[in-house]
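Source file: model22.cif (mmCIF, C-alpha atoms)
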```cif
data_protein
loop_
_atom_site.group_PDB
_atom_site.id
_atom_site.type_symbol
_atom_site.label_atom_id
_atom_site.label_comp_id
_atom_site.auth_asym_id
_atom_site.auth_seq_id
_atom_site.Cartn_x
_atom_site.Cartn_y
_atom_site.Cartn_z
ATOM 1 C CA PRO N 863 224.830 -76.950 107.129
ATOM 2 C CA GLY N 864 222.196 -78.512 104.925
ATOM 3 C CA ARG N 865 219.547 -76.934 102.776
ATOM 4 C CA LEU N 866 216.900 -74.732 104.297
ATOM 5 C CA ALA N 867 213.385 -75.882 103.419
ATOM 6 C CA ARG N 868 209.841 -75.128 104.516
ATOM 7 C CA GLY N 869 206.956 -77.530 104.656
ATOM 8 C CA LYS N 870 205.178 -80.036 106.853
ATOM 9 C CA LEU N 871 206.302 -82.749 109.225
ATOM 10 C CA GLU N 872 204.319 -85.931 109.766
ATOM 11 C CA LEU N 873 204.867 -88.530 112.475
ATOM 12 C CA LEU N 874 204.070 -91.834 110.777
ATOM 13 C CA PRO N 875 204.357 -95.438 111.965
ATOM 14 C CA GLY N 876 208.086 -96.195 112.079
ATOM 15 C CA LYS N 877 209.291 -92.899 110.607
ATOM 16 C CA LEU N 878 208.833 -89.175 110.320
ATOM 17 C CA GLU N 879 208.362 -87.546 106.943
ATOM 18 C CA LEU N 880 209.199 -84.008 105.938
ATOM 19 C CA ASP N 881 207.608 -82.725 102.749
ATOM 20 C CA GLY N 882 208.065 -79.242 101.378
ATOM 21 C CA LEU N 883 210.039 -76.810 99.270
ATOM 22 C CA ALA N 884 213.708 -75.835 99.187
ATOM 23 C CA GLY N 885 213.658 -72.711 97.090
ATOM 24 C CA SER N 886 211.351 -73.722 94.241
ATOM 25 C CA SER N 887 212.265 -77.424 94.355
ATOM 26 C CA HIS N 888 210.014 -80.044 95.973
ATOM 27 C CA VAL N 889 211.830 -82.043 98.674
ATOM 28 C CA THR N 890 210.823 -85.061 100.724
ATOM 29 C CA HIS N 891 212.917 -86.520 103.503
ATOM 30 C CA GLU N 892 212.147 -89.569 105.625
ATOM 31 C CA ILE N 893 213.899 -90.476 108.863
ATOM 32 C CA GLY N 894 213.177 -93.797 110.536
ATOM 33 C CA TYR N 895 212.785 -93.675 114.306
ATOM 34 C CA ASP N 896 215.481 -96.366 114.467
ATOM 35 C CA GLU N 897 217.882 -93.880 112.821
ATOM 36 C CA LEU N 898 217.539 -91.463 115.752
ATOM 37 C CA SER N 899 219.848 -91.602 118.755
ATOM 38 C CA GLY N 900 218.132 -88.729 120.542
ATOM 39 C CA VAL N 901 216.028 -85.626 120.276
ATOM 40 C CA HIS N 902 216.136 -82.320 122.137
ATOM 41 C CA VAL N 903 215.005 -78.728 121.948
ATOM 42 C CA GLY N 904 217.877 -76.571 120.704
ATOM 43 C CA ARG N 905 217.928 -73.392 122.734
ATOM 44 C CA SER N 906 221.536 -72.264 122.386
ATOM 45 C CA SER N 907 222.333 -69.560 119.870
ATOM 46 C CA ALA N 908 224.200 -72.114 117.720
ATOM 47 C CA GLU N 909 221.123 -74.358 117.549
ATOM 48 C CA ARG N 910 218.524 -71.645 116.912
ATOM 49 C CA LEU N 911 217.196 -70.818 113.454
ATOM 50 C CA ASP N 912 216.590 -67.099 112.960
ATOM 51 C CA GLY N 913 216.310 -66.782 116.734
ATOM 52 C CA HIS N 914 213.687 -69.529 117.059
ATOM 53 C CA PRO N 915 214.201 -72.638 119.220
ATOM 54 C CA THR N 916 214.636 -75.765 117.117
ATOM 55 C CA LEU N 917 213.927 -79.456 117.342
ATOM 56 C CA VAL N 918 217.276 -81.218 116.985
ATOM 57 C CA LEU N 919 217.108 -84.810 115.767
ATOM 58 C CA ASP N 920 220.360 -86.571 116.659
ATOM 59 C CA ARG N 921 220.926 -89.323 114.103
ATOM 60 C CA VAL N 922 222.975 -92.487 114.535
ATOM 61 C CA ASN N 923 225.044 -92.310 111.333
ATOM 62 C CA ALA N 924 224.447 -88.788 110.053
ATOM 63 C CA GLU N 925 224.586 -85.144 110.998
ATOM 64 C CA PRO N 926 221.809 -83.849 113.255
ATOM 65 C CA PHE N 927 218.626 -82.736 111.501
ATOM 66 C CA VAL N 928 217.261 -79.390 112.730
ATOM 67 C CA ILE N 929 213.608 -78.323 112.514
ATOM 68 C CA ALA N 930 212.036 -75.011 113.522
ATOM 69 C CA SER N 931 208.459 -73.826 113.770
ATOM 70 C CA VAL N 932 208.069 -70.159 113.018
ATOM 71 C CA ALA N 933 204.313 -70.028 113.592
ATOM 72 C CA LEU N 934 203.714 -72.101 116.737
ATOM 73 C CA GLN N 935 206.628 -71.955 119.172
ATOM 74 C CA GLY N 936 205.157 -74.533 121.592
ATOM 75 C CA VAL N 937 205.041 -77.206 118.920
ATOM 76 C CA VAL N 938 208.833 -77.718 119.075
ATOM 77 C CA ALA N 939 208.710 -78.908 122.706
ATOM 78 C CA GLU N 940 205.603 -81.014 122.039
ATOM 79 C CA LEU N 941 207.287 -82.740 119.093
ATOM 80 C CA ALA N 942 210.391 -83.411 121.210
ATOM 81 C CA VAL N 943 208.240 -85.275 123.745
ATOM 82 C CA ARG N 944 206.327 -87.225 121.093
ATOM 83 C CA LEU N 945 209.484 -88.207 119.212
ATOM 84 C CA SER N 946 211.222 -89.257 122.437
ATOM 85 C CA CYS N 947 208.392 -91.734 122.932
ATOM 86 C CA CYS N 948 208.813 -93.037 119.358
ATOM 87 C CA ILE N 949 212.539 -93.556 119.860
ATOM 88 C CA ALA N 950 211.990 -95.387 123.147
ATOM 89 C CA ALA N 951 209.348 -97.711 121.653
#
```

Please express the file's structure as structure tokens.
Amino acid sequence: PGRLARGKLELLPGKLELDGLAGSSHVTHEIGYDELSGVHVGRSSAERLDGHPTLVLDRVNAEPFVIASVALQGVVAELAVRLSCCIAA
């Protein structure tokens, strides 16, 4: 498993950007839509984060990237739909 971080996610032209904190360190991570092979809502216990459903970004040449929203549960499903459209484009 990778590092746990908190922050914001932005859907930008050609990529998504995650910007936040891992502990007290600033982290930024960019993933191009062309690097994604799929996206789904993780509902199994293995895919959940602290019991919350997650957005699982399946990447072509890397481990899946997992994102959770602790404040707005519906945003995970909405992001899955929006990112599916970006991958298909």

field: Contacts of N:Arg944 within 10 Å, all atoms listed in the file, excl. fewer than 4 positions in-chain, as number ranges by chain
entry: N: 873, 901, 939-940, 948-949

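Closest approach to N:Tyr895 among N:Leu874, N:Val928, N:Leu866, N:Leu934: N:Leu874, based on all atoms listed in the file.
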
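Of the listed residues (N:Leu945, N:Arg921, N:Ala930, N:Ala950), N:Ala930 comes nearest to N:Ala867; the distances count all atoms listed in the file.
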
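For the set N:Val938, N:Ala933, N:Gly894, N:Ser887, the residue with the smallest atom-to-atom gap to N:Thr916 is N:Val938, counting all atoms listed in the file.
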
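Minimum atom-to-atom distances from N:Asp881, N:Glu872, N:Glu925, N:Asp920 to N:Ser899 were compared using all atoms listed in the file, and the lowest value belongs to N:Asp920.
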
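When atom CA of N:Val937 is paired with atom CA of N:Thr890, their separation reads 20.6 Å.
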
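Here atom CA of N:Val903 and atom CA of N:Leu871 stand 15.9 Å from one another.
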
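Rounded to one decimal, atom CA of N:Lys877 and atom CA of N:His902 lie 17.1 Å from each other.
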
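In terms of minimum interatomic distance to N:Leu917, N:Leu941 ranks closest within N:His891, N:Gly900, N:Leu941, N:Ser886, counting only C-alpha atoms.
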
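The result of the PyMOL selection byres ((chain N and resi 911) around 10) on the shown file is Leu866, Gly904, Arg905, Ser907, Ala908, Glu909, Arg910, Asp912, Gly913, His914, Pro915, Thr916, Val928, Ile929, Ala930, Ser931 and Val932 of chain N.
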